[in-house]
Amino acid sequence: MAIQMAQVSIENIDDAKGLDSVMIVLKNISGVTAINLDPKHNVATVSYDDTDTSIHALTAAISMVDYVTQPFPIDSPQNPHHNDL
């Protein structure tokens, strides 16, 4: 068992629901021992046991949460900033 530390991008995941989702998916990966989200710098620092998981699993899990970054036309009702016009 070797504990590794990695920083992975959480760029464009900038609301509480998205950040909660990142925490949930990372916590559910076998081998993850600690998670520190830093939305100000757009990174998550993750400690993990490299015999149980890999950085590829971490990034794949985060990309599954990336619903927050789906592009919508600015005037689309699905756009979270639709009413900002």
# chains A, B, ... in the order shown; residues from 1 in each chain; ligands from 1
call {"tool": "residues_around", "arguments": {"residues": "Met5 in chain A", "least_positions_apart": "4", "cutoff": "8 Å", "atoms": "only C-alpha atoms", "output": "list in words"}}
result
Thr45, Val46, Ser47 and Tyr48 of chain A
call {"tool": "residues_around", "arguments": {"residues": "Leu37 in chain A", "least_positions_apart": "3", "cutoff": "10 Å", "atoms": "only C-alpha atoms", "output": "PyMOL selection string"}}
result
chain A and resi 7-10+19-20+22-23+40-46
call {"tool": "atom_distance", "arguments": {"atom1": "CA of Gly31 in chain A", "atom2": "CA of Thr53 in chain A"}}
result
5.8 Å
call {"tool": "residues_around", "arguments": {"residues": "Val65 in chain A", "least_positions_apart": "6", "cutoff": "8 Å", "atoms": "only C-alpha atoms", "output": "ChimeraX atom specification"}}
result
/A:18,21-22,25
call {"tool": "closest_residue", "arguments": {"among": "A:Asp38, A:Asp49, A:Thr33, A:Lys27", "to": "Ile13 in chain A", "atoms": "only C-alpha atoms"}}
result
A:Asp38
call {"tool": "select_by_dssp", "arguments": {"residues": "range 6-62 of chain A", "states": "helix (DSSP H, G or I)", "output": "PyMOL selection string"}}
result
chain A and resi 16-27+55-62
call {"tool": "write_last_selection", "arguments": {"atoms": "N, CA, C and O atoms", "output": "PDB file, in the first residue's frame"}}
result
ATOM      1  N   ALA A  16     -22.666  24.820  -5.168  1.00  0.00           N
ATOM      2  CA  ALA A  16     -22.646  23.885  -4.033  1.00  0.00           C
ATOM      3  C   ALA A  16     -23.084  22.484  -4.435  1.00  0.00           C
ATOM      4  O   ALA A  16     -22.498  21.493  -4.001  1.00  0.00           O
ATOM      5  N   LYS A  17     -24.093  22.388  -5.282  1.00  0.00           N
ATOM      6  CA  LYS A  17     -24.585  21.073  -5.711  1.00  0.00           C
ATOM      7  C   LYS A  17     -23.512  20.325  -6.491  1.00  0.00           C
ATOM      8  O   LYS A  17     -23.296  19.131  -6.289  1.00  0.00           O
ATOM      9  N   GLY A  18     -22.827  21.003  -7.374  1.00  0.00           N
ATOM     10  CA  GLY A  18     -21.753  20.386  -8.148  1.00  0.00           C
ATOM     11  C   GLY A  18     -20.600  19.942  -7.261  1.00  0.00           C
ATOM     12  O   GLY A  18     -20.059  18.846  -7.420  1.00  0.00           O
ATOM     13  N   LEU A  19     -20.222  20.791  -6.307  1.00  0.00           N
ATOM     14  CA  LEU A  19     -19.126  20.445  -5.391  1.00  0.00           C
ATOM     15  C   LEU A  19     -19.515  19.273  -4.498  1.00  0.00           C
ATOM     16  O   LEU A  19     -18.692  18.384  -4.242  1.00  0.00           O
ATOM     17  N   ASP A  20     -20.767  19.251  -4.047  1.00  0.00           N
ATOM     18  CA  ASP A  20     -21.240  18.096  -3.263  1.00  0.00           C
ATOM     19  C   ASP A  20     -21.169  16.819  -4.089  1.00  0.00           C
ATOM     20  O   ASP A  20     -20.780  15.762  -3.591  1.00  0.00           O
ATOM     21  N   SER A  21     -21.525  16.914  -5.350  1.00  0.00           N
ATOM     22  CA  SER A  21     -21.482  15.749  -6.229  1.00  0.00           C
ATOM     23  C   SER A  21     -20.051  15.246  -6.421  1.00  0.00           C
ATOM     24  O   SER A  21     -19.808  14.043  -6.454  1.00  0.00           O
ATOM     25  N   VAL A  22     -19.100  16.181  -6.525  1.00  0.00           N
ATOM     26  CA  VAL A  22     -17.692  15.794  -6.644  1.00  0.00           C
ATOM     27  C   VAL A  22     -17.268  15.028  -5.395  1.00  0.00           C
ATOM     28  O   VAL A  22     -16.624  13.974  -5.485  1.00  0.00           O
ATOM     29  N   MET A  23     -17.629  15.544  -4.229  1.00  0.00           N
ATOM     30  CA  MET A  23     -17.274  14.860  -2.974  1.00  0.00           C
ATOM     31  C   MET A  23     -17.874  13.455  -2.930  1.00  0.00           C
ATOM     32  O   MET A  23     -17.192  12.501  -2.554  1.00  0.00           O
ATOM     33  N   ILE A  24     -19.125  13.325  -3.334  1.00  0.00           N
ATOM     34  CA  ILE A  24     -19.793  12.023  -3.288  1.00  0.00           C
ATOM     35  C   ILE A  24     -19.095  11.020  -4.195  1.00  0.00           C
ATOM     36  O   ILE A  24     -18.798   9.898  -3.777  1.00  0.00           O
ATOM     37  N   VAL A  25     -18.807  11.411  -5.448  1.00  0.00           N
ATOM     38  CA  VAL A  25     -18.194  10.440  -6.358  1.00  0.00           C
ATOM     39  C   VAL A  25     -16.789  10.073  -5.919  1.00  0.00           C
ATOM     40  O   VAL A  25     -16.383   8.921  -6.040  1.00  0.00           O
ATOM     41  N   LEU A  26     -16.042  11.036  -5.384  1.00  0.00           N
ATOM     42  CA  LEU A  26     -14.684  10.716  -4.933  1.00  0.00           C
ATOM     43  C   LEU A  26     -14.705   9.827  -3.691  1.00  0.00           C
ATOM     44  O   LEU A  26     -13.903   8.895  -3.576  1.00  0.00           O
ATOM     45  N   LYS A  27     -15.625  10.102  -2.765  1.00  0.00           N
ATOM     46  CA  LYS A  27     -15.721   9.274  -1.554  1.00  0.00           C
ATOM     47  C   LYS A  27     -16.099   7.835  -1.880  1.00  0.00           C
ATOM     48  O   LYS A  27     -15.756   6.923  -1.136  1.00  0.00           O
ATOM     49  N   ILE A  55      -5.150   7.745 -10.515  1.00  0.00           N
ATOM     50  CA  ILE A  55      -5.572   9.107 -10.848  1.00  0.00           C
ATOM     51  C   ILE A  55      -6.570   9.088 -12.006  1.00  0.00           C
ATOM     52  O   ILE A  55      -7.450   9.937 -12.094  1.00  0.00           O
ATOM     53  N   HIS A  56      -6.484   8.080 -12.863  1.00  0.00           N
ATOM     54  CA  HIS A  56      -7.423   7.980 -13.979  1.00  0.00           C
ATOM     55  C   HIS A  56      -8.847   7.748 -13.476  1.00  0.00           C
ATOM     56  O   HIS A  56      -9.801   8.292 -14.029  1.00  0.00           O
ATOM     57  N   ALA A  57      -8.988   6.964 -12.425  1.00  0.00           N
ATOM     58  CA  ALA A  57     -10.315   6.732 -11.837  1.00  0.00           C
ATOM     59  C   ALA A  57     -10.855   8.019 -11.221  1.00  0.00           C
ATOM     60  O   ALA A  57     -12.054   8.297 -11.306  1.00  0.00           O
ATOM     61  N   LEU A  58      -9.978   8.806 -10.617  1.00  0.00           N
ATOM     62  CA  LEU A  58     -10.399  10.071 -10.007  1.00  0.00           C
ATOM     63  C   LEU A  58     -10.914  11.035 -11.072  1.00  0.00           C
ATOM     64  O   LEU A  58     -11.988  11.627 -10.930  1.00  0.00           O
ATOM     65  N   THR A  59     -10.139  11.197 -12.141  1.00  0.00           N
ATOM     66  CA  THR A  59     -10.545  12.133 -13.185  1.00  0.00           C
ATOM     67  C   THR A  59     -11.793  11.647 -13.919  1.00  0.00           C
ATOM     68  O   THR A  59     -12.642  12.448 -14.300  1.00  0.00           O
ATOM     69  N   ALA A  60     -11.914  10.337 -14.110  1.00  0.00           N
ATOM     70  CA  ALA A  60     -13.115   9.793 -14.759  1.00  0.00           C
ATOM     71  C   ALA A  60     -14.349  10.057 -13.902  1.00  0.00           C
ATOM     72  O   ALA A  60     -15.407  10.432 -14.419  1.00  0.00           O
ATOM     73  N   ALA A  61     -14.221   9.885 -12.597  1.00  0.00           N
ATOM     74  CA  ALA A  61     -15.354  10.120 -11.696  1.00  0.00           C
ATOM     75  C   ALA A  61     -15.774  11.584 -11.732  1.00  0.00           C
ATOM     76  O   ALA A  61     -16.972  11.894 -11.802  1.00  0.00           O
ATOM     77  N   ILE A  62     -14.805  12.481 -11.710  1.00  0.00           N
ATOM     78  CA  ILE A  62     -15.128  13.907 -11.744  1.00  0.00           C
ATOM     79  C   ILE A  62     -15.771  14.278 -13.074  1.00  0.00           C
ATOM     80  O   ILE A  62     -16.718  15.070 -13.116  1.00  0.00           O
TER      81      ILE A  62
END
call {"tool": "atom_distance", "arguments": {"atom1": "CA of Ile29 in chain A", "atom2": "CA of Glu11 in chain A"}}
result
20.2 Å
